[in-house]
file upload.txt (compact mmCIF, C-alpha atoms and all ligand atoms)
# COMPACT_ATOMS: atom_id res chain seq x y z
CA MET A 1 88.08 132.15 71.22
CA LEU A 2 84.45 131.12 71.74
CA VAL A 3 83.65 128.10 69.63
CA ILE A 4 81.14 125.32 69.47
CA VAL A 5 82.60 122.09 68.14
CA THR A 6 80.01 119.59 66.90
CA ILE A 7 80.83 115.88 66.59
CA ASP A 8 78.04 113.95 64.92
CA GLY A 9 78.01 110.43 63.58
CA VAL A 10 76.53 106.96 63.56
CA ALA A 11 76.07 104.75 66.64
CA ALA A 12 79.32 103.71 68.37
CA SER A 13 81.51 105.64 65.93
CA GLY A 14 83.41 107.15 68.87
CA LYS A 15 81.51 110.42 69.35
CA SER A 16 81.35 110.56 73.13
CA SER A 17 84.90 109.24 73.77
CA VAL A 18 86.30 111.67 71.22
CA ALA A 19 84.16 114.63 72.37
CA ALA A 20 85.26 114.12 75.99
CA ARG A 21 88.95 114.11 75.02
CA VAL A 22 88.68 117.05 72.61
CA ALA A 23 86.82 119.06 75.26
CA GLN A 24 89.44 118.22 77.88
CA GLN A 25 92.24 119.44 75.58
CA LEU A 26 90.34 122.66 74.88
CA ASN A 27 89.39 123.06 78.54
CA LEU A 28 85.70 123.17 77.60
CA PRO A 29 82.68 121.20 78.80
CA PHE A 30 81.37 118.46 76.54
CA VAL A 31 77.71 117.71 75.97
CA SER A 32 76.28 114.32 75.04
CA SER A 33 72.90 114.98 73.40
CA GLY A 34 71.96 111.30 73.05
CA LEU A 35 71.70 110.99 76.82
CA LEU A 36 68.53 113.07 76.80
CA TYR A 37 66.89 110.78 74.24
CA ARG A 38 68.10 107.79 76.24
CA ALA A 39 66.65 109.28 79.44
CA VAL A 40 63.23 109.76 77.84
CA ALA A 41 63.33 106.16 76.58
CA ARG A 42 64.31 104.96 80.06
CA LEU A 43 61.44 106.87 81.68
CA ALA A 44 59.00 105.47 79.12
CA LEU A 45 60.12 101.92 79.84
CA LYS A 46 59.96 102.51 83.58
CA HIS A 47 56.44 103.98 83.49
CA ASP A 48 55.03 101.73 80.75
CA VAL A 49 54.48 104.61 78.34
CA PRO A 50 54.37 103.44 74.69
CA THR A 51 57.38 104.90 72.84
CA GLN A 52 55.25 105.56 69.75
CA ASP A 53 52.89 107.87 71.71
CA GLN A 54 54.44 111.34 71.49
CA GLU A 55 51.71 113.07 73.54
CA ALA A 56 52.14 110.57 76.37
CA LEU A 57 55.94 111.01 76.26
CA LEU A 58 55.57 114.79 76.47
CA ARG A 59 53.22 114.41 79.44
CA LEU A 60 55.83 112.16 81.07
CA LEU A 61 58.39 114.95 80.66
CA ASP A 62 55.98 117.44 82.25
CA SER A 63 55.60 115.25 85.30
CA HIS A 64 59.26 114.09 85.53
CA ALA A 65 61.75 116.95 85.11
CA LEU A 66 64.90 115.73 83.34
CA GLU A 67 68.15 117.63 83.62
CA LEU A 68 71.34 117.07 81.61
CA ARG A 69 74.46 117.96 83.61
CA PRO A 70 77.44 118.24 81.27
CA TYR A 71 80.33 117.68 83.71
CA ALA A 72 83.85 117.51 82.23
CA GLN A 73 84.45 114.03 83.69
CA GLY A 74 81.21 112.67 82.17
CA ASN A 75 77.66 113.82 81.49
CA GLU A 76 74.89 112.89 83.90
CA VAL A 77 71.12 112.96 83.59
CA TRP A 78 69.09 113.57 86.71
CA CYS A 79 65.37 113.17 87.30
CA GLU A 80 63.99 114.76 90.43
CA GLY A 81 66.93 114.07 92.73
CA GLU A 82 67.80 110.71 91.13
CA ASP A 83 70.84 110.10 88.95
CA LEU A 84 69.60 108.08 85.95
CA THR A 85 72.94 107.99 84.11
CA HIS A 86 73.89 104.40 84.96
CA GLU A 87 70.52 103.17 83.57
CA LEU A 88 70.93 104.70 80.12
CA HIS A 89 73.42 102.42 78.34
CA THR A 90 71.56 99.11 78.30
CA ALA A 91 70.45 96.96 75.36
CA GLU A 92 66.83 97.67 76.40
CA VAL A 93 67.30 101.44 76.11
CA ASP A 94 69.33 100.99 72.87
CA ALA A 95 66.37 99.13 71.37
CA ALA A 96 63.75 101.73 72.42
CA VAL A 97 65.57 105.03 71.96
CA SER A 98 65.24 105.47 68.18
CA ARG A 99 61.45 105.24 68.43
CA VAL A 100 61.48 108.05 71.01
CA ALA A 101 63.85 110.12 68.85
CA GLN A 102 61.54 110.11 65.82
CA HIS A 103 59.00 112.51 67.43
CA SER A 104 59.42 116.10 66.24
CA GLN A 105 58.05 117.80 69.38
CA LEU A 106 60.24 115.66 71.55
CA ARG A 107 63.25 116.57 69.42
CA ALA A 108 62.29 120.24 69.85
CA TRP A 109 62.25 119.73 73.63
CA VAL A 110 65.75 118.16 73.58
CA ASN A 111 67.06 120.95 71.35
CA GLU A 112 65.69 123.57 73.72
CA GLN A 113 67.61 121.99 76.63
CA LEU A 114 70.81 121.96 74.57
CA ARG A 115 70.52 125.55 73.32
CA ALA A 116 70.02 126.74 76.91
CA LEU A 117 73.50 125.50 77.90
CA PRO A 118 76.18 128.17 78.32
CA GLU A 119 78.62 128.31 75.37
CA PRO A 120 81.30 127.38 74.44
CA PHE A 121 81.33 123.57 74.48
CA VAL A 122 81.96 120.45 72.46
CA VAL A 123 78.69 118.69 71.67
CA GLU A 124 78.07 115.27 70.16
CA GLY A 125 75.03 113.55 68.65
CA ARG A 126 73.40 113.12 65.27
CA ASP A 127 72.10 116.55 64.24
CA MET A 128 74.25 118.95 66.28
CA GLY A 129 75.90 120.48 63.21
CA THR A 130 72.69 120.55 61.18
CA ALA A 131 69.48 121.22 63.15
CA VAL A 132 70.72 122.36 66.55
CA PHE A 133 73.95 124.36 66.17
CA PRO A 134 74.24 125.16 62.45
CA GLN A 135 76.38 128.18 63.42
CA ALA A 136 79.09 125.98 65.01
CA SER A 137 82.64 126.91 64.03
CA VAL A 138 84.02 123.38 63.69
CA LYS A 139 81.93 120.38 62.61
CA PHE A 140 82.90 116.74 62.35
CA TYR A 141 81.00 113.64 61.29
CA LEU A 142 82.40 110.29 62.42
CA THR A 143 81.82 106.97 60.72
CA ALA A 144 83.38 103.51 61.00
CA SER A 145 82.42 100.17 59.50
CA ALA A 146 79.53 98.43 61.27
CA ARG A 147 81.85 95.53 62.15
CA VAL A 148 84.46 97.74 63.79
CA ARG A 149 81.78 99.62 65.71
CA ALA A 150 80.22 96.36 66.88
CA GLU A 151 83.60 95.04 68.02
CA ARG A 152 84.24 98.23 69.97
CA ARG A 153 80.78 98.24 71.54
CA ALA A 154 80.55 94.51 72.27
CA GLY A 155 82.81 95.00 75.28
CA GLU A 156 80.29 97.45 76.74
CA ARG A 157 77.13 95.36 76.25
CA THR A 158 76.03 91.78 76.69
CA GLY A 159 75.65 89.73 73.49
CA ASP A 160 78.08 88.60 70.82
CA VAL A 161 79.55 90.81 68.12
CA ASP A 162 77.07 89.62 65.45
CA ALA A 163 74.08 90.52 67.64
CA VAL A 164 75.60 93.89 68.55
CA GLU A 165 76.30 94.62 64.87
CA ALA A 166 72.71 93.76 63.89
CA ALA A 167 71.36 96.07 66.62
CA LEU A 168 73.68 98.92 65.53
CA ARG A 169 72.62 98.57 61.89
CA GLU A 170 68.96 98.58 62.93
CA ARG A 171 69.45 101.74 65.02
CA ASP A 172 71.36 103.46 62.16
CA ARG A 173 68.42 102.70 59.88
CA HIS A 174 65.90 104.24 62.30
CA ASP A 175 68.17 107.24 62.96
CA ALA A 176 68.90 107.92 59.28
CA ALA A 177 66.54 110.91 59.03
CA GLN A 178 68.43 112.95 61.66
CA SER A 179 71.90 111.56 60.92
CA ARG A 180 72.88 113.37 57.74
CA PRO A 181 76.27 115.13 57.92
CA ALA A 182 76.18 118.93 57.75
CA PRO A 183 77.38 120.17 54.34
CA ASP A 184 80.27 121.94 56.10
CA ALA A 185 81.22 118.98 58.35
CA LEU A 186 84.53 117.19 57.92
CA LEU A 187 83.93 113.46 57.48
CA LEU A 188 86.22 111.10 59.32
CA ASP A 189 86.19 107.30 58.96
CA THR A 190 87.65 106.09 62.26
CA SER A 191 87.74 102.37 61.33
CA ASN A 192 91.53 102.36 61.15
CA LEU A 193 92.29 105.25 63.48
CA SER A 194 93.06 105.17 67.19
CA LEU A 195 91.17 107.44 69.56
CA ASP A 196 94.27 109.64 69.85
CA GLU A 197 94.50 109.98 66.07
CA VAL A 198 90.85 111.03 65.80
CA VAL A 199 91.25 113.57 68.61
CA SER A 200 94.38 115.10 67.09
CA CYS A 201 92.69 115.38 63.69
CA ILE A 202 89.79 117.31 65.24
CA LEU A 203 92.04 119.55 67.34
CA LYS A 204 93.97 120.57 64.19
CA ALA A 205 90.71 121.99 62.78
CA VAL A 206 89.95 124.14 65.83
CA PRO A 207 91.08 127.75 65.38
CA ALA A 208 93.83 128.76 67.86
N1 LIG A 301 89.08 105.35 67.14
C1 LIG A 301 88.83 104.44 68.08
N2 LIG A 301 89.68 103.43 68.26
C2 LIG A 301 89.42 102.47 69.16
N3 LIG A 301 88.35 102.43 69.98
C3 LIG A 301 87.47 103.42 69.85
C4 LIG A 301 87.66 104.47 68.92
N4 LIG A 301 86.61 105.32 69.01
C5 LIG A 301 85.79 104.81 69.98
N5 LIG A 301 86.33 103.68 70.49
C6 LIG A 301 85.69 102.83 71.52
O1 LIG A 301 84.47 102.41 70.95
C7 LIG A 301 83.45 102.38 71.94
C8 LIG A 301 82.28 103.26 71.47
O2 LIG A 301 82.69 104.61 71.47
P1 LIG A 301 81.72 105.78 71.95
O3 LIG A 301 82.57 106.98 72.19
O4 LIG A 301 80.82 105.31 73.05
O5 LIG A 301 80.86 105.98 70.61
P2 LIG A 301 79.52 106.79 70.38
O6 LIG A 301 79.48 107.90 71.38
O7 LIG A 301 79.63 107.26 68.96
O8 LIG A 301 78.42 105.80 70.56
C9 LIG A 301 84.09 102.86 73.23
O9 LIG A 301 84.47 101.70 73.97
C10 LIG A 301 85.33 103.60 72.77
O10 LIG A 301 86.37 103.56 73.71
N1 LIG A 302 71.40 114.33 68.43
C1 LIG A 302 70.86 113.12 68.62
C2 LIG A 302 71.45 112.24 69.54
C3 LIG A 302 70.87 111.01 69.72
N2 LIG A 302 69.74 110.69 69.06
C4 LIG A 302 69.01 109.44 69.35
O1 LIG A 302 69.46 108.91 70.58
C5 LIG A 302 69.99 107.61 70.39
C6 LIG A 302 71.14 107.39 71.35
O2 LIG A 302 72.17 108.27 70.98
P1 LIG A 302 73.64 108.09 71.55
O3 LIG A 302 74.49 109.12 70.90
O4 LIG A 302 73.60 108.06 73.04
O5 LIG A 302 73.98 106.63 71.05
P2 LIG A 302 75.36 106.01 70.61
O6 LIG A 302 75.67 106.52 69.24
O7 LIG A 302 76.35 106.48 71.64
O8 LIG A 302 75.12 104.53 70.65
C7 LIG A 302 70.32 107.51 68.91
O9 LIG A 302 70.29 106.17 68.44
C8 LIG A 302 69.23 108.38 68.30
O10 LIG A 302 68.01 107.65 68.18
C9 LIG A 302 69.19 111.55 68.15
O11 LIG A 302 68.19 111.24 67.50
N3 LIG A 302 69.77 112.77 67.94
call {"tool": "encode", "arguments": {"input": "upload.txt", "output": "structure tokens"}}
result
Amino acid sequence: MLVIVTIDGVAASGKSSVAARVAQQLNLPFVSSGLLYRAVARLALKHDVPTQDQEALLRLLDSHALELRPYAQGNEVWCEGEDLTHELHTAEVDAAVSRVAQHSQLRAWVNEQLRALPEPFVVEGRDMGTAVFPQASVKFYLTASARVRAERRAGERTGDVDAVEAALRERDRHDAAQSRPAPDALLLDTSNLSLDEVVSCILKAVPA
């Protein structure tokens, strides 16, 4: 059966880890939409383009072709022969990305890249079940307490748990506009669930 599964949620709620595992079980590709926003933020930082200047960001995209490659073992973003993926999960990009993501034309550009991907797939982000793939067959929205998310993420970033939690809360605040759950999404608080439990809960909702 051809399905799109959307997994949206707040920062560090488990979206990409869960999406990768769900996709593997379903033998589908998974798509990490946030990587495109992260890649634009990374390019802006690299080329000294102000993140509040949408026109300048769009010009940057015209001159630096970005490509999301949704491999099963992990998504990559390439820019003109260079793999940018390893540069996208830094505190610097975390701090800049929400400013990039607030621009409507830039969001339209990201959405165009995503809608051009061959279906079916599992896709994760903030607005996959609302703005981008409202027709998706199965929609989830993941949450977890800010403390739990900070503890999980602290191992992946420099800085103590308090600083990571403050940065996550700040990003959630900036991302609030595009982070509303779809009315038909199933909400899952993962604070007290293991990754395996979250994955099995989602798989139960996918039609056989
Ligand atoms: N339910 C869970 N239980 C334990 N650890 C989790 C769970 N979900 C995610 N993690 C861990 O939390 C961190 C953030 O998860 P990630 O998938 O990157 O979240 P997101 O894509 O929402 O930012 C990762 O280290 C991941 O392994
Ligand atoms: N569908 C999406 C995905 C990400 N984003 C933006 O991109 C940023 C990074 O997304 P991400 O999913 O890689 O971040 P994490 O939740 O993994 O920390 C978010 O903080 C949002 O600003 C968005 O606006 N819409």
call {"tool": "residues_near_ligand", "arguments": {"input": "upload.txt", "ligand": "ligand LIG 301 (chain A)", "cutoff": "7 Å", "atoms": "all atoms listed in the file", "output": "PyMOL selection string"}}
result
chain A and resi 9-18+149+152-153+156+190-191+193-195+198
call {"tool": "residues_near_ligand", "arguments": {"input": "upload.txt", "ligand": "ligand LIG 302 (chain A)", "cutoff": "6 Å", "atoms": "only C-alpha atoms and all ligand atoms", "output": "PyMOL selection string"}}
result
chain A and resi 10-12+33-35+37-38+97-98+101+125-128+171+175
call {"tool": "closest_residue", "arguments": {"input": "upload.txt", "among": "A:Gln24, A:Asn192, A:Thr85, A:Ser137", "to": "Ala208 in chain A", "atoms": "all atoms listed in the file"}}
result
A:Ser137
call {"tool": "residues_around", "arguments": {"input": "upload.txt", "residues": "range 110-112 of chain A", "least_positions_apart": "4", "cutoff": "9 Å", "atoms": "all atoms listed in the file", "output": "PyMOL selection string"}}
result
chain A and resi 33+36-37+105-106+116+131-132
call {"tool": "residues_near_point", "arguments": {"input": "upload.txt", "point": "(81.8, 124.7, 69.6)", "cutoff": "8 Å", "atoms": "only C-alpha atoms", "output": "ChimeraX atom specification"}}
result
/A:2-6,119-123,136-138
call {"tool": "axis_aligned_box", "arguments": {"input": "upload.txt", "around": "range 12-21 of chain A", "padding_each_side": "8 Å", "output": "JSON"}}
result
{"center_x": 84.1, "center_y": 109.2, "center_z": 71.0, "size_x": 25.6, "size_y": 26.9, "size_z": 26.1}
call {"tool": "residues_around", "arguments": {"input": "upload.txt", "residues": "Gln52 in chain A", "least_positions_apart": "3", "cutoff": "12 Å", "atoms": "only C-alpha atoms", "output": "VMD selection string"}}
result
chain A and resid 41 44 to 45 48 to 49 55 to 58 96 to 104 106
call {"tool": "atom_distance", "arguments": {"input": "upload.txt", "atom1": "CA of Thr143 in chain A", "atom2": "CA of Ala176 in chain A"}}
result
13.0 Å
call {"tool": "residues_around", "arguments": {"input": "upload.txt", "residues": "Lys204 in chain A", "least_positions_apart": "3", "cutoff": "12 Å", "atoms": "all atoms listed in the file", "output": "VMD selection string"}}
result
chain A and resid 22 25 to 26 138 140 186 197 to 201 207 to 208
call {"tool": "atom_distance", "arguments": {"input": "upload.txt", "atom1": "CA of Tyr71 in chain A", "atom2": "CA of Asp184 in chain A"}}
result
27.9 Å
call {"tool": "atom_distance", "arguments": {"input": "upload.txt", "atom1": "CA of Ser145 in chain A", "atom2": "CA of Ile7 in chain A"}}
result
17.3 Å
call {"tool": "closest_residue", "arguments": {"input": "upload.txt", "among": "A:Asn75, A:Trp109, A:Leu28, A:Glu151", "to": "Arg59 in chain A", "atoms": "all atoms listed in the file"}}
result
A:Trp109
call {"tool": "closest_residue", "arguments": {"input": "upload.txt", "among": "A:Val161, A:Leu188, A:Ala146, A:Val93", "to": "Asp8 in chain A", "atoms": "only C-alpha atoms"}}
result
A:Leu188
call {"tool": "build_atoms", "arguments": {"input": "upload.txt", "residues": "range 134-170 of chain A", "atoms": "N, CA and C atoms", "output": "PDB file, in the frame of the given file"}}
result
ATOM      1  N   PRO A 134      73.706 124.994  63.810  1.00  0.00           N
ATOM      2  CA  PRO A 134      74.240 125.160  62.450  1.00  0.00           C
ATOM      3  C   PRO A 134      75.334 126.219  62.378  1.00  0.00           C
ATOM      4  N   GLN A 135      75.369 127.109  63.403  1.00  0.00           N
ATOM      5  CA  GLN A 135      76.380 128.180  63.420  1.00  0.00           C
ATOM      6  C   GLN A 135      77.717 127.726  63.977  1.00  0.00           C
ATOM      7  N   ALA A 136      77.853 126.462  64.369  1.00  0.00           N
ATOM      8  CA  ALA A 136      79.090 125.980  65.010  1.00  0.00           C
ATOM      9  C   ALA A 136      80.314 126.260  64.134  1.00  0.00           C
ATOM     10  N   SER A 137      81.441 126.533  64.794  1.00  0.00           N
ATOM     11  CA  SER A 137      82.640 126.910  64.030  1.00  0.00           C
ATOM     12  C   SER A 137      83.353 125.699  63.446  1.00  0.00           C
ATOM     13  N   VAL A 138      83.302 124.572  64.158  1.00  0.00           N
ATOM     14  CA  VAL A 138      84.020 123.380  63.690  1.00  0.00           C
ATOM     15  C   VAL A 138      83.055 122.198  63.768  1.00  0.00           C
ATOM     16  N   LYS A 139      82.897 121.495  62.642  1.00  0.00           N
ATOM     17  CA  LYS A 139      81.930 120.380  62.610  1.00  0.00           C
ATOM     18  C   LYS A 139      82.609 119.115  62.090  1.00  0.00           C
ATOM     19  N   PHE A 140      82.390 118.031  62.802  1.00  0.00           N
ATOM     20  CA  PHE A 140      82.900 116.740  62.350  1.00  0.00           C
ATOM     21  C   PHE A 140      81.774 115.738  62.261  1.00  0.00           C
ATOM     22  N   TYR A 141      81.953 114.742  61.393  1.00  0.00           N
ATOM     23  CA  TYR A 141      81.000 113.640  61.290  1.00  0.00           C
ATOM     24  C   TYR A 141      81.809 112.351  61.256  1.00  0.00           C
ATOM     25  N   LEU A 142      81.619 111.522  62.290  1.00  0.00           N
ATOM     26  CA  LEU A 142      82.400 110.290  62.420  1.00  0.00           C
ATOM     27  C   LEU A 142      81.642 109.087  61.870  1.00  0.00           C
ATOM     28  N   THR A 143      82.372 108.251  61.161  1.00  0.00           N
ATOM     29  CA  THR A 143      81.820 106.970  60.720  1.00  0.00           C
ATOM     30  C   THR A 143      82.860 105.891  61.064  1.00  0.00           C
ATOM     31  N   ALA A 144      82.459 104.663  60.938  1.00  0.00           N
ATOM     32  CA  ALA A 144      83.380 103.510  61.000  1.00  0.00           C
ATOM     33  C   ALA A 144      82.542 102.348  60.484  1.00  0.00           C
ATOM     34  N   SER A 145      83.191 101.309  60.018  1.00  0.00           N
ATOM     35  CA  SER A 145      82.420 100.170  59.500  1.00  0.00           C
ATOM     36  C   SER A 145      81.564  99.596  60.624  1.00  0.00           C
ATOM     37  N   ALA A 146      80.436  98.991  60.255  1.00  0.00           N
ATOM     38  CA  ALA A 146      79.530  98.430  61.270  1.00  0.00           C
ATOM     39  C   ALA A 146      80.260  97.359  62.082  1.00  0.00           C
ATOM     40  N   ARG A 147      81.140  96.594  61.445  1.00  0.00           N
ATOM     41  CA  ARG A 147      81.850  95.530  62.150  1.00  0.00           C
ATOM     42  C   ARG A 147      82.777  96.112  63.229  1.00  0.00           C
ATOM     43  N   VAL A 148      83.533  97.120  62.830  1.00  0.00           N
ATOM     44  CA  VAL A 148      84.460  97.740  63.790  1.00  0.00           C
ATOM     45  C   VAL A 148      83.675  98.345  64.950  1.00  0.00           C
ATOM     46  N   ARG A 149      82.578  99.007  64.641  1.00  0.00           N
ATOM     47  CA  ARG A 149      81.780  99.620  65.710  1.00  0.00           C
ATOM     48  C   ARG A 149      81.218  98.554  66.647  1.00  0.00           C
ATOM     49  N   ALA A 150      80.773  97.444  66.058  1.00  0.00           N
ATOM     50  CA  ALA A 150      80.220  96.360  66.880  1.00  0.00           C
ATOM     51  C   ALA A 150      81.310  95.759  67.767  1.00  0.00           C
ATOM     52  N   GLU A 151      82.501  95.595  67.211  1.00  0.00           N
ATOM     53  CA  GLU A 151      83.600  95.040  68.020  1.00  0.00           C
ATOM     54  C   GLU A 151      83.938  95.967  69.175  1.00  0.00           C
ATOM     55  N   ARG A 152      83.938  97.263  68.900  1.00  0.00           N
ATOM     56  CA  ARG A 152      84.240  98.230  69.970  1.00  0.00           C
ATOM     57  C   ARG A 152      83.144  98.212  71.043  1.00  0.00           C
ATOM     58  N   ARG A 153      81.888  98.132  70.583  1.00  0.00           N
ATOM     59  CA  ARG A 153      80.780  98.240  71.540  1.00  0.00           C
ATOM     60  C   ARG A 153      80.508  96.933  72.272  1.00  0.00           C
ATOM     61  N   ALA A 154      80.878  95.808  71.662  1.00  0.00           N
ATOM     62  CA  ALA A 154      80.550  94.510  72.270  1.00  0.00           C
ATOM     63  C   ALA A 154      81.083  94.417  73.695  1.00  0.00           C
ATOM     64  N   GLY A 155      82.237  95.032  73.930  1.00  0.00           N
ATOM     65  CA  GLY A 155      82.810  95.000  75.280  1.00  0.00           C
ATOM     66  C   GLY A 155      81.966  95.751  76.303  1.00  0.00           C
ATOM     67  N   GLU A 156      81.077  96.628  75.812  1.00  0.00           N
ATOM     68  CA  GLU A 156      80.290  97.450  76.740  1.00  0.00           C
ATOM     69  C   GLU A 156      78.864  96.922  76.940  1.00  0.00           C
ATOM     70  N   ARG A 157      78.489  95.897  76.177  1.00  0.00           N
ATOM     71  CA  ARG A 157      77.130  95.360  76.250  1.00  0.00           C
ATOM     72  C   ARG A 157      77.202  93.840  76.365  1.00  0.00           C
ATOM     73  N   THR A 158      76.080  93.233  76.761  1.00  0.00           N
ATOM     74  CA  THR A 158      76.030  91.780  76.690  1.00  0.00           C
ATOM     75  C   THR A 158      75.672  91.404  75.246  1.00  0.00           C
ATOM     76  N   GLY A 159      75.954  90.173  74.860  1.00  0.00           N
ATOM     77  CA  GLY A 159      75.650  89.730  73.490  1.00  0.00           C
ATOM     78  C   GLY A 159      76.907  89.638  72.661  1.00  0.00           C
ATOM     79  N   ASP A 160      76.874  88.759  71.632  1.00  0.00           N
ATOM     80  CA  ASP A 160      78.080  88.600  70.820  1.00  0.00           C
ATOM     81  C   ASP A 160      78.155  89.699  69.759  1.00  0.00           C
ATOM     82  N   VAL A 161      79.290  89.719  69.064  1.00  0.00           N
ATOM     83  CA  VAL A 161      79.550  90.810  68.120  1.00  0.00           C
ATOM     84  C   VAL A 161      78.497  90.849  67.005  1.00  0.00           C
ATOM     85  N   ASP A 162      78.076  89.659  66.525  1.00  0.00           N
ATOM     86  CA  ASP A 162      77.070  89.620  65.450  1.00  0.00           C
ATOM     87  C   ASP A 162      75.764  90.280  65.895  1.00  0.00           C
ATOM     88  N   ALA A 163      75.340  89.948  67.126  1.00  0.00           N
ATOM     89  CA  ALA A 163      74.080  90.520  67.640  1.00  0.00           C
ATOM     90  C   ALA A 163      74.228  92.023  67.836  1.00  0.00           C
ATOM     91  N   VAL A 164      75.370  92.453  68.346  1.00  0.00           N
ATOM     92  CA  VAL A 164      75.600  93.890  68.550  1.00  0.00           C
ATOM     93  C   VAL A 164      75.616  94.619  67.207  1.00  0.00           C
ATOM     94  N   GLU A 165      76.250  93.998  66.200  1.00  0.00           N
ATOM     95  CA  GLU A 165      76.300  94.620  64.870  1.00  0.00           C
ATOM     96  C   GLU A 165      74.892  94.755  64.280  1.00  0.00           C
ATOM     97  N   ALA A 166      74.081  93.706  64.423  1.00  0.00           N
ATOM     98  CA  ALA A 166      72.710  93.760  63.890  1.00  0.00           C
ATOM     99  C   ALA A 166      71.920  94.880  64.576  1.00  0.00           C
ATOM    100  N   ALA A 167      72.092  95.022  65.883  1.00  0.00           N
ATOM    101  CA  ALA A 167      71.360  96.070  66.620  1.00  0.00           C
ATOM    102  C   ALA A 167      71.846  97.466  66.203  1.00  0.00           C
ATOM    103  N   LEU A 168      73.150  97.603  65.955  1.00  0.00           N
ATOM    104  CA  LEU A 168      73.680  98.920  65.530  1.00  0.00           C
ATOM    105  C   LEU A 168      73.130  99.293  64.151  1.00  0.00           C
ATOM    106  N   ARG A 169      73.121  98.298  63.247  1.00  0.00           N
ATOM    107  CA  ARG A 169      72.620  98.570  61.890  1.00  0.00           C
ATOM    108  C   ARG A 169      71.144  98.972  61.931  1.00  0.00           C
ATOM    109  N   GLU A 170      70.388  98.289  62.779  1.00  0.00           N
ATOM    110  CA  GLU A 170      68.960  98.580  62.930  1.00  0.00           C
ATOM    111  C   GLU A 170      68.775 100.012  63.443  1.00  0.00           C
TER     112      GLU A 170
END
